[in-house]
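Q: Input structure: input28.cif, which contains mmCIF, C-alpha atoms.
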```
data_upload
#
loop_
_atom_site.label_atom_id
_atom_site.label_comp_id
_atom_site.auth_asym_id
_atom_site.auth_seq_id
_atom_site.Cartn_x
_atom_site.Cartn_y
_atom_site.Cartn_z
CA MET A 268 -7.12 90.26 87.86
CA PRO A 269 -5.81 88.79 84.57
CA SER A 270 -2.06 88.35 84.80
CA SER A 271 -1.54 89.05 81.11
CA ALA A 272 -2.41 92.72 81.48
CA PRO A 273 0.76 94.80 81.75
CA ALA A 274 1.31 96.98 84.80
CA THR A 275 0.54 100.61 84.30
CA SER A 276 4.18 101.63 84.55
CA GLU A 277 5.12 99.26 81.72
CA ALA A 278 2.24 100.06 79.39
CA ILE A 279 3.20 102.20 76.43
CA GLY A 280 0.98 103.77 73.89
CA PHE A 281 0.18 102.56 70.38
CA PHE A 282 2.56 104.86 68.54
CA GLU A 283 5.34 104.32 71.05
CA LYS A 284 4.92 100.59 70.62
CA ASN A 285 5.13 100.84 66.84
CA ILE A 286 8.17 103.06 66.99
CA SER A 287 9.78 100.70 69.50
CA ASP A 288 9.12 97.74 67.21
CA MET A 289 10.50 99.57 64.22
CA LEU A 290 13.61 100.73 66.05
CA GLY A 291 14.09 97.28 67.47
CA TRP A 292 13.90 95.77 64.02
CA ALA A 293 16.38 98.28 62.66
CA ARG A 294 18.80 97.85 65.55
CA LYS A 295 18.71 94.09 65.54
CA ASN A 296 19.46 93.85 61.83
CA SER A 297 22.36 96.27 61.79
CA ILE A 298 24.57 95.38 64.73
CA PHE A 299 28.04 96.98 64.70
CA GLN A 300 30.27 94.71 66.72
CA TYR A 301 33.36 95.57 68.74
CA PRO A 302 35.35 92.34 68.58
CA PHE A 303 37.28 92.29 71.85
CA VAL A 304 39.26 89.23 70.85
CA THR A 305 41.90 87.97 73.24
CA ALA A 306 42.40 84.24 72.67
CA CYS A 307 41.64 81.09 70.68
CA CYS A 308 37.93 81.84 70.31
CA GLY A 309 39.09 84.49 67.88
CA MET A 310 39.59 81.70 65.36
CA GLU A 311 35.91 80.81 65.59
CA TYR A 312 35.03 84.49 65.40
CA MET A 313 36.95 84.66 62.14
CA SER A 314 35.10 81.56 60.93
CA VAL A 315 31.77 83.09 61.75
CA SER A 316 32.69 86.26 59.89
CA SER A 317 33.86 84.37 56.84
CA ALA A 318 31.90 83.17 53.88
CA ARG A 319 30.69 79.77 55.05
CA TYR A 320 28.98 80.71 58.31
CA ASP A 321 28.20 84.17 57.21
CA ILE A 322 27.47 86.67 59.93
CA ALA A 323 26.73 89.22 57.23
CA ARG A 324 23.40 87.47 56.67
CA PHE A 325 22.31 88.97 59.97
CA GLY A 326 23.60 92.41 59.12
CA ALA A 327 26.31 92.14 61.75
CA GLU A 328 29.43 91.90 59.63
CA VAL A 329 30.82 95.35 60.32
CA PRO A 330 33.50 95.34 63.03
CA ARG A 331 34.01 98.75 64.55
CA PHE A 332 37.26 99.10 66.40
CA SER A 333 36.16 102.24 68.11
CA PRO A 334 33.85 101.73 71.08
CA ARG A 335 31.99 104.93 70.30
CA GLN A 336 30.80 103.52 67.00
CA ALA A 337 29.90 100.03 68.19
CA ASP A 338 26.67 98.56 69.55
CA LEU A 339 27.76 95.09 70.54
CA LEU A 340 30.78 94.29 72.65
CA LEU A 341 31.76 90.80 71.56
CA VAL A 342 34.15 89.55 74.25
CA VAL A 343 35.91 86.65 72.61
CA GLY A 344 38.37 84.61 74.65
CA THR A 345 39.96 84.66 78.08
CA VAL A 346 40.04 87.88 80.06
CA ASN A 347 42.77 88.09 82.69
CA CYS A 348 42.79 90.20 85.83
CA LYS A 349 45.32 92.35 83.99
CA GLN A 350 42.95 92.84 81.08
CA ALA A 351 39.79 93.44 83.13
CA PRO A 352 40.26 97.22 83.62
CA ILE A 353 40.79 97.58 79.88
CA LEU A 354 37.57 95.71 79.16
CA GLN A 355 35.68 97.83 81.64
CA ARG A 356 37.04 100.98 80.09
CA VAL A 357 36.04 99.90 76.58
CA TYR A 358 32.55 99.02 77.80
CA GLU A 359 32.13 102.39 79.49
CA GLN A 360 33.16 104.24 76.36
CA MET A 361 30.47 102.62 74.27
CA SER A 362 27.38 104.71 73.75
CA GLU A 363 23.88 103.51 74.49
CA PRO A 364 22.21 101.30 73.38
CA LYS A 365 24.83 98.62 73.85
CA TRP A 366 24.85 94.90 74.40
CA VAL A 367 27.51 92.41 75.45
CA ILE A 368 27.98 88.86 74.29
CA ALA A 369 30.29 86.55 76.25
CA PHE A 370 31.74 84.36 73.50
CA GLY A 371 33.20 81.08 74.72
CA VAL A 372 33.46 79.56 78.18
CA CYS A 373 36.45 81.66 79.20
CA ALA A 374 34.41 84.81 78.83
CA SER A 375 31.29 83.23 80.29
CA SER A 376 32.75 81.66 83.40
CA GLY A 377 36.51 81.59 83.28
CA GLY A 378 36.60 78.35 81.32
CA PHE A 379 39.02 75.77 82.65
CA TYR A 380 41.32 78.53 83.91
CA ASP A 381 40.31 78.56 87.56
CA ASN A 382 43.61 80.11 88.67
CA TYR A 383 45.35 83.20 89.98
CA ALA A 384 45.15 85.20 86.80
CA THR A 385 41.78 84.68 85.07
CA VAL A 386 38.57 86.56 85.74
CA GLN A 387 35.90 83.91 86.30
CA GLY A 388 33.52 85.22 83.73
CA ILE A 389 33.34 88.74 82.36
CA ASP A 390 30.04 89.26 84.14
CA HIS A 391 32.25 90.11 87.11
CA VAL A 392 33.35 93.13 85.10
CA VAL A 393 30.59 94.15 82.68
CA PRO A 394 26.90 93.21 82.48
CA VAL A 395 26.38 90.45 79.93
CA ASP A 396 23.32 89.82 77.78
CA ILE A 397 24.10 86.57 76.01
CA TYR A 398 26.48 83.79 77.01
CA ILE A 399 27.70 81.48 74.27
CA PRO A 400 29.42 78.47 75.87
CA GLY A 401 31.86 76.30 74.00
CA CYS A 402 35.58 75.84 73.82
CA PRO A 403 35.46 77.15 71.19
CA PRO A 404 31.78 77.33 70.25
CA ARG A 405 30.86 76.10 66.79
CA PRO A 406 29.95 78.93 64.42
CA GLU A 407 26.39 77.62 64.39
CA GLN A 408 26.26 78.12 68.16
CA VAL A 409 27.53 81.65 67.74
CA LEU A 410 24.85 82.41 65.21
CA ASP A 411 22.28 80.90 67.54
CA GLY A 412 23.50 83.24 70.27
CA LEU A 413 23.31 86.15 67.88
CA MET A 414 19.74 85.27 66.98
CA LEU A 415 18.91 85.12 70.68
CA LEU A 416 20.38 88.58 71.05
CA GLN A 417 18.29 89.76 68.14
CA ARG A 418 15.15 88.50 69.90
CA LYS A 419 16.21 90.34 73.02
CA VAL A 420 16.89 93.55 71.09
CA GLN A 421 13.51 93.36 69.40
CA ASP A 422 11.70 92.91 72.69
CA GLN A 423 13.42 95.77 74.47
CA GLN A 424 11.80 99.14 74.66
CA HIS A 425 13.33 101.61 72.22
CA LYS A 426 12.62 105.31 72.11
CA LEU A 427 13.37 107.88 69.45
CA ILE A 428 14.82 110.27 72.02
CA ASP A 429 15.97 108.63 75.23
CA ARG A 430 16.49 111.22 77.90
CA ALA A 431 17.59 108.90 80.68
CA GLN A 432 20.94 109.58 82.35
CA VAL A 433 23.67 107.16 81.39
CA PRO A 434 25.48 106.02 84.57
CA VAL A 435 29.28 105.88 84.74
CA LEU A 436 30.32 102.58 86.26
CA ALA A 437 33.76 103.69 87.42
CA GLN A 438 32.38 106.56 89.43
CA GLY A 439 30.08 104.32 91.38
CA GLY A 440 26.96 104.57 89.24
CA THR A 441 24.83 101.46 89.10
CA GLU A 442 24.02 99.84 85.82
CA ARG A 443 20.82 100.41 84.05
CA ARG A 444 19.87 96.81 83.42
CA MET B 128 78.08 62.83 71.95
CA ALA B 129 77.18 65.02 74.82
CA LYS B 130 79.05 62.95 77.37
CA ALA B 131 82.09 64.87 76.17
CA VAL B 132 80.33 68.04 77.24
CA LEU B 133 79.95 66.85 80.80
CA GLU B 134 83.54 65.62 80.86
CA ALA B 135 84.84 68.93 79.52
CA LEU B 136 82.82 70.77 82.12
CA ALA B 137 84.09 68.57 84.94
CA ALA B 138 87.65 69.02 83.74
CA ARG B 139 87.40 72.79 83.53
CA PHE B 140 85.38 73.45 86.72
CA PRO B 141 86.33 70.64 89.06
CA GLY B 142 84.79 71.96 92.25
CA ASP B 143 81.75 73.73 90.88
CA VAL B 144 79.96 71.09 88.83
CA TYR B 145 78.92 67.81 90.34
CA GLU B 146 76.71 64.81 89.89
CA PRO B 147 76.34 64.25 86.16
CA TYR B 148 73.48 61.93 85.29
CA GLU B 149 71.33 60.95 82.38
CA GLY B 150 67.97 62.57 82.55
CA VAL B 151 64.61 61.84 80.99
CA GLY B 152 64.80 60.99 77.31
CA GLY B 153 68.56 60.58 77.24
CA ASP B 154 69.44 64.19 78.09
CA ASP B 155 72.72 64.86 79.82
CA CYS B 156 72.30 66.80 83.00
CA MET B 157 74.59 68.19 85.63
CA PHE B 158 74.39 70.24 88.78
CA VAL B 159 76.26 73.54 88.99
CA ARG B 160 77.16 75.64 91.98
CA LYS B 161 75.13 78.83 92.18
CA SER B 162 77.98 81.33 92.24
CA GLU B 163 79.73 79.91 89.17
CA ILE B 164 76.82 79.58 86.76
CA ALA B 165 77.71 82.66 84.72
CA SER B 166 81.30 81.56 84.15
CA VAL B 167 80.16 78.00 83.34
CA CYS B 168 77.71 79.33 80.76
CA GLY B 169 80.33 81.63 79.31
CA PHE B 170 82.72 78.69 78.92
CA LEU B 171 80.01 76.56 77.31
CA LYS B 172 79.30 79.24 74.75
CA THR B 173 82.81 80.27 73.82
CA GLU B 174 84.55 76.87 73.74
CA PRO B 175 84.53 75.85 70.03
CA ALA B 176 84.08 72.14 70.68
CA LEU B 177 80.96 72.84 72.75
CA ALA B 178 79.54 76.05 71.23
CA PHE B 179 76.24 76.27 73.09
CA ASN B 180 74.86 79.26 71.29
CA MET B 181 71.26 78.95 72.44
CA ALA B 182 69.42 78.72 75.74
CA PRO B 183 65.95 77.64 74.61
CA TYR B 184 64.51 77.31 78.07
CA ILE B 185 65.52 78.56 81.50
CA THR B 186 63.03 77.88 84.23
CA ALA B 187 62.75 77.39 87.96
CA VAL B 188 61.28 74.65 90.14
CA ASP B 189 59.94 74.93 93.67
CA TYR B 190 60.66 71.88 95.82
CA LEU B 191 58.74 73.03 98.85
CA GLY B 192 59.86 71.11 101.90
CA THR B 193 63.42 70.36 100.80
CA GLU B 194 66.39 72.54 101.47
CA PRO B 195 67.53 74.23 99.19
CA ARG B 196 64.02 75.05 98.10
CA PHE B 197 64.38 76.24 94.53
CA GLU B 198 66.25 75.03 91.50
CA VAL B 199 66.93 76.98 88.33
CA VAL B 200 67.20 74.75 85.28
CA TYR B 201 69.13 75.86 82.21
CA ASN B 202 68.43 73.89 79.03
CA LEU B 203 71.13 74.63 76.47
CA LEU B 204 71.39 73.76 72.80
CA SER B 205 74.23 73.93 70.36
CA THR B 206 73.03 74.48 66.80
CA VAL B 207 76.62 74.02 65.59
CA HIS B 208 77.19 70.53 66.97
CA ASN B 209 73.55 69.58 67.65
CA HIS B 210 73.93 68.57 71.27
CA ARG B 211 72.04 69.60 74.36
CA VAL B 212 72.79 69.77 78.02
CA ARG B 213 70.79 70.63 81.11
CA LEU B 214 72.31 72.46 84.05
CA ARG B 215 70.60 72.55 87.42
CA VAL B 216 71.42 75.15 90.04
CA LYS B 217 70.14 74.69 93.57
CA VAL B 218 68.99 77.97 95.13
CA PRO B 219 68.19 78.18 98.85
CA GLU B 220 65.33 80.36 99.98
CA SER B 221 67.62 82.39 102.23
CA ASP B 222 69.79 83.55 99.32
CA LEU B 223 67.64 83.94 96.23
CA GLU B 224 70.17 85.72 94.07
CA LEU B 225 72.06 84.31 91.09
CA PRO B 226 74.41 85.90 88.58
CA THR B 227 72.66 86.61 85.31
CA VAL B 228 73.46 84.85 82.03
CA THR B 229 72.08 87.64 79.84
CA THR B 230 75.66 88.64 79.14
CA VAL B 231 76.14 85.22 77.52
CA TRP B 232 72.79 84.85 75.74
CA ARG B 233 70.54 87.85 75.15
CA GLY B 234 67.59 85.51 74.91
CA ALA B 235 67.83 84.62 78.58
CA ASN B 236 66.43 88.05 79.45
CA TRP B 237 62.75 87.14 79.52
CA PHE B 238 63.35 83.72 81.08
CA GLU B 239 65.05 85.35 84.03
CA ARG B 240 62.24 87.88 84.31
CA TYR B 241 59.83 84.91 84.33
CA CYS B 242 61.76 83.33 87.22
CA LEU B 243 61.58 86.60 89.10
CA ASP B 244 57.88 87.06 88.45
CA MET B 245 56.72 83.52 89.19
CA TYR B 246 59.21 82.39 91.87
CA GLY B 247 60.93 85.48 93.22
CA ILE B 248 64.42 84.46 92.15
CA ARG B 249 66.53 87.53 91.43
CA PHE B 250 69.42 87.80 88.99
CA ARG B 251 72.36 90.07 89.77
CA GLY B 252 73.25 92.20 86.78
CA HIS B 253 70.02 91.74 84.84
CA PRO B 254 69.43 94.78 82.61
CA ASP B 255 65.66 94.97 83.18
CA PRO B 256 64.63 93.32 86.44
CA ARG B 257 60.86 93.65 86.45
CA ARG B 258 57.84 91.36 86.26
CA LEU B 259 57.04 89.70 82.98
CA PHE B 260 53.47 88.37 83.10
CA MET B 261 51.80 89.70 86.22
CA TYR B 262 50.93 93.33 86.75
CA ASP B 263 52.88 95.55 89.11
CA GLU B 264 50.12 95.70 91.72
CA PHE B 265 50.26 91.91 92.11
CA VAL B 266 51.67 90.84 95.46
CA GLY B 267 53.53 87.56 95.66
CA HIS B 268 54.93 84.98 93.31
CA PRO B 269 52.17 82.78 91.89
CA LEU B 270 54.01 79.60 90.88
CA ARG B 271 55.46 79.00 94.32
CA LYS B 272 53.91 75.96 95.93
CA ASP B 273 52.65 77.92 98.92
CA TYR B 274 50.82 80.50 96.81
CA PRO B 275 47.09 79.61 96.68
CA LEU B 276 45.99 78.18 93.34
CA ARG B 277 43.00 80.49 93.05
CA GLY B 278 44.64 83.48 94.66
CA ARG B 279 43.20 86.12 92.37
CA GLN B 280 43.99 89.75 93.06
CA PRO B 281 41.42 91.64 91.00
CA LEU B 282 42.30 95.07 89.68
CA VAL B 283 38.71 96.20 89.27
CA LYS B 284 35.99 95.81 91.83
CA GLU B 285 33.98 92.74 90.87
CA ARG B 286 30.33 93.41 90.39
CA GLU B 287 27.56 91.47 92.09
CA ILE B 288 25.82 88.94 89.90
CA GLY B 289 22.33 88.41 91.22
CA ASP B 290 20.35 87.40 88.24
CA ILE B 291 21.90 84.18 87.02
CA TYR B 292 22.28 80.90 88.79
CA ARG B 293 25.68 79.31 89.00
CA GLY B 294 25.16 75.71 89.97
CA PRO B 295 27.32 73.45 92.11
CA GLY B 296 30.52 72.32 90.55
CA PRO B 297 34.24 71.87 91.08
CA GLY B 298 36.09 74.86 92.33
CA GLY B 299 34.27 75.21 95.60
CA ARG B 300 31.89 77.86 94.44
CA ASP B 301 28.72 76.05 95.56
#
```
Spell out the structure here as structure tokens.

A:
Amino acid sequence: MPSSAPATSEAIGFFEKNISDMLGWARKNSIFQYPFVTACCGMEYMSVSSARYDIARFGAEVPRFSPRQADLLLVVGTVNCKQAPILQRVYEQMSEPKWVIAFGVCASSGGFYDNYATVQGIDHVVPVDIYIPGCPPRPEQVLDGLMLLQRKVQDQQHKLIDRAQVPVLAQGGTERR
Amino acid sequence: MAKAVLEALAARFPGDVYEPYEGVGGDDCMFVRKSEIASVCGFLKTEPALAFNMAPYITAVDYLGTEPRFEVVYNLLSTVHNHRVRLRVKVPESDLELPTVTTVWRGANWFERYCLDMYGIRFRGHPDPRRLFMYDEFVGHPLRKDYPLRGRQPLVKEREIGDIYRGPGPGGRD
């Protein structure tokens, strides 16, 4: 049996595939970020958004400070145990489709703060798609992470009308990914 | 010269201040009895020759294993005469209460809340005695030497991470 053939449950039709590719292209080139900036990595976030390392080239320059209007939760900087419920609440309020980037080592794994107050990586709180290590990461690394996210967005399956139930994490629902 | 400060203090409070010495970097330091710290600070502020109008740092130290266990350190600065002094107050674990100096310097408010939050040292007469950094559900005082370094008390249930590999490393998470 050739291993390259997709399983029947994953196979989608010709038109669905084209629509998925088109939606993926549109979504990856127009990311609305929610910059959840807590600490020093915010300086590099500002650099990336500025003219020299332009994030607007990728269509992702629009920061939306309302979770309802954002696609990408950009967690920038250290997240404490005190801040973790707030982060979870913001993530839950975002509407599908949504992605999360852990920007910097503090968001990826707690950084060098292995102590009584810091969450050791925001993946203990929300599901993360892309981790960008660095303390702080160079803007080129951030853009590399963003391009990786764009590849992931393109390869996901997108539908025009997605009728799946969205689970609520706080009420015990499991995540979709 | 700040030696005059220590001499003035010793002259005014003969039984309550003791052991003047020269600390790190040439600072003048002195020990003060716990019950008299508020009156000593009031004297230091109001006396025109001393005029310590600022308390830039008030902190606490945990000497676990010695008795008395804690020390509260008051670093004072006079912007009028440009001299500094450091006062150390020994606090035993059995009696963790000190009079507050917020009546002398308003800026000591958050420093005393920090001492309460991180060490458990209470201040009698403090206008707002609650935790400063940690959240209210937090149990314990994290900067005490017997509090575990990695004693996290998560507020949200931590989710299982099954799909990435966290390799061996420092921190005992192997």

Q: Near chain A, meaning an atom within 6 Å, which residues of chain B appear when counting only C-alpha atoms? Write them as a VMD selection string.

A: chain B and resid 276 to 279 281 283 285 to 286

Q: Tell me, in Å to one decimal, how far CA of His210 (chain B) is from CA of Phe179 (chain B).

A: 8.2 Å

Q: Compile the contact shell of Asp154 (chain B) as a PDB file with C-alpha atoms, keeping the file's coordinate frame: residues with an atom at most 10 Å away, counting only C-alpha atoms, same-chain residues fewer than 2 positions apart removed.

A:
```
ATOM      1  CA  ALA B 129      77.180  65.020  74.820  1.00  0.00           C
ATOM      2  CA  LYS B 130      79.050  62.950  77.370  1.00  0.00           C
ATOM      3  CA  TYR B 148      73.480  61.930  85.290  1.00  0.00           C
ATOM      4  CA  GLU B 149      71.330  60.950  82.380  1.00  0.00           C
ATOM      5  CA  GLY B 150      67.970  62.570  82.550  1.00  0.00           C
ATOM      6  CA  VAL B 151      64.610  61.840  80.990  1.00  0.00           C
ATOM      7  CA  GLY B 152      64.800  60.990  77.310  1.00  0.00           C
ATOM      8  CA  CYS B 156      72.300  66.800  83.000  1.00  0.00           C
ATOM      9  CA  MET B 157      74.590  68.190  85.630  1.00  0.00           C
ATOM     10  CA  ASN B 202      68.430  73.890  79.030  1.00  0.00           C
ATOM     11  CA  HIS B 210      73.930  68.570  71.270  1.00  0.00           C
ATOM     12  CA  ARG B 211      72.040  69.600  74.360  1.00  0.00           C
ATOM     13  CA  VAL B 212      72.790  69.770  78.020  1.00  0.00           C
ATOM     14  CA  ARG B 213      70.790  70.630  81.110  1.00  0.00           C
TER      15      ARG B 213
END
```

Q: Within 12 Å of region 314-320 of chain A, counting all atoms listed in the file, which residues qualify if same-chain residues fewer than 5 places away don't, as JSON, numbers by chain?

A: {"A": [300, 302, 307, 308, 309, 325, 326, 327, 328, 329, 330, 370, 403, 404, 405, 406, 407, 408, 409, 410, 411, 412, 413]}

Q: Would you please work out which residue, of B:Leu270, B:Ala187, B:Leu177, B:Leu203, is nearest to Lys217 (chain B) when using all atoms listed in the file?

A: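 Between B:Leu270, B:Ala187, B:Leu177, B:Leu203, the residue approaching Lys217 (chain B) most closely is B:Ala187.
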
Q: May I have the protein, DNA and RNA residues with any atom at most 7 Å from the point (78.9, 70.9, 90.0), counting all atoms listed in the file, written as a PyMOL selection string?

A: chain B and resi 142-146+157-160

Q: Can you spit out the residues from that selection as a PDB file, keeping the file's coordinate frame, using C-alpha atoms?

A:
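Resulting contents of result-v5.pdb:
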```
ATOM      1  CA  GLY B 142      84.790  71.960  92.250  1.00  0.00           C
ATOM      2  CA  ASP B 143      81.750  73.730  90.880  1.00  0.00           C
ATOM      3  CA  VAL B 144      79.960  71.090  88.830  1.00  0.00           C
ATOM      4  CA  TYR B 145      78.920  67.810  90.340  1.00  0.00           C
ATOM      5  CA  GLU B 146      76.710  64.810  89.890  1.00  0.00           C
ATOM      6  CA  MET B 157      74.590  68.190  85.630  1.00  0.00           C
ATOM      7  CA  PHE B 158      74.390  70.240  88.780  1.00  0.00           C
ATOM      8  CA  VAL B 159      76.260  73.540  88.990  1.00  0.00           C
ATOM      9  CA  ARG B 160      77.160  75.640  91.980  1.00  0.00           C
TER      10      ARG B 160
END
```

Q: May I ask for the distance between CA of Arg258 (chain B) and CA of Tyr241 (chain B), given in Å to one decimal place?

A: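 That distance, rounded to one decimal, is 7.0 Å.
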
Q: Quick test: take region 167-247 of chain B, keep C-alpha atoms, and write it as a CSV table (one decimal), in the first residue's frame.

A:
```csv
chain,number,residue,atom,x,y,z
B,167,VAL,CA,14.4,57.0,65.8
B,168,CYS,CA,13.2,57.6,62.2
B,169,GLY,CA,11.1,60.5,63.3
B,170,PHE,CA,14.1,62.1,65.0
B,171,LEU,CA,16.3,61.5,62.0
B,172,LYS,CA,13.8,63.3,59.7
B,173,THR,CA,12.9,66.3,61.9
B,174,GLU,CA,16.3,67.2,63.3
B,175,PRO,CA,17.6,70.0,61.0
B,176,ALA,CA,21.2,68.9,61.1
B,177,LEU,CA,20.3,65.4,60.0
B,178,ALA,CA,17.2,66.0,57.8
B,179,PHE,CA,16.8,62.5,56.4
B,180,ASN,CA,13.9,63.2,54.1
B,181,MET,CA,14.0,60.1,52.0
B,182,ALA,CA,14.0,56.3,52.6
B,183,PRO,CA,15.1,55.0,49.3
B,184,TYR,CA,15.1,51.4,50.3
B,185,ILE,CA,13.7,49.4,53.2
B,186,THR,CA,14.1,45.7,52.9
B,187,ALA,CA,14.3,42.6,55.1
B,188,VAL,CA,16.9,39.8,55.3
B,189,ASP,CA,16.3,36.2,56.5
B,190,TYR,CA,19.3,34.7,58.5
B,191,LEU,CA,17.9,31.3,58.8
B,192,GLY,CA,19.6,29.5,61.6
B,193,THR,CA,20.5,32.5,63.8
B,194,GLU,CA,18.3,34.0,66.4
B,195,PRO,CA,16.8,36.6,65.9
B,196,ARG,CA,16.0,35.3,62.4
B,197,PHE,CA,15.1,38.4,60.5
B,198,GLU,CA,16.5,41.8,60.1
B,199,VAL,CA,14.8,44.8,58.6
B,200,VAL,CA,17.3,47.2,56.9
B,201,TYR,CA,16.4,50.9,56.5
B,202,ASN,CA,18.6,52.8,54.0
B,203,LEU,CA,18.1,56.5,54.5
B,204,LEU,CA,19.2,59.5,52.5
B,205,SER,CA,19.2,63.2,53.2
B,206,THR,CA,18.9,65.3,50.0
B,207,VAL,CA,19.5,68.4,52.1
B,208,HIS,CA,22.9,67.4,53.5
B,209,ASN,CA,23.7,64.6,51.1
B,210,HIS,CA,24.5,61.9,53.7
B,211,ARG,CA,23.2,58.4,54.1
B,212,VAL,CA,22.8,56.0,56.9
B,213,ARG,CA,21.7,52.4,57.3
B,214,LEU,CA,19.7,51.2,60.2
B,215,ARG,CA,19.4,47.5,61.0
B,216,VAL,CA,16.6,46.2,63.2
B,217,LYS,CA,16.8,42.6,64.4
B,218,VAL,CA,13.4,40.9,64.4
B,219,PRO,CA,12.9,37.5,66.1
B,220,GLU,CA,10.6,35.0,64.5
B,221,SER,CA,8.5,34.8,67.6
B,222,ASP,CA,7.6,38.5,67.5
B,223,LEU,CA,7.3,39.6,63.9
B,224,GLU,CA,5.8,43.0,64.5
B,225,LEU,CA,7.4,46.4,64.1
B,226,PRO,CA,6.1,49.9,64.4
B,227,THR,CA,5.5,51.4,60.9
B,228,VAL,CA,7.5,54.3,59.6
B,229,THR,CA,4.9,55.4,57.0
B,230,THR,CA,4.0,58.2,59.4
B,231,VAL,CA,7.5,59.5,58.8
B,232,TRP,CA,7.9,58.8,55.1
B,233,ARG,CA,4.9,58.1,52.9
B,234,GLY,CA,7.2,56.3,50.5
B,235,ALA,CA,7.9,53.5,53.0
B,236,ASN,CA,4.4,52.2,52.4
B,237,TRP,CA,5.2,49.8,49.6
B,238,PHE,CA,8.5,48.7,51.1
B,239,GLU,CA,6.7,47.6,54.2
B,240,ARG,CA,4.1,45.8,52.1
B,241,TYR,CA,7.0,44.1,50.3
B,242,CYS,CA,8.4,42.9,53.7
B,243,LEU,CA,5.0,41.6,54.6
B,244,ASP,CA,4.6,39.8,51.3
B,245,MET,CA,8.0,38.3,50.9
B,246,TYR,CA,9.0,37.6,54.6
B,247,GLY,CA,5.9,37.9,56.7
```
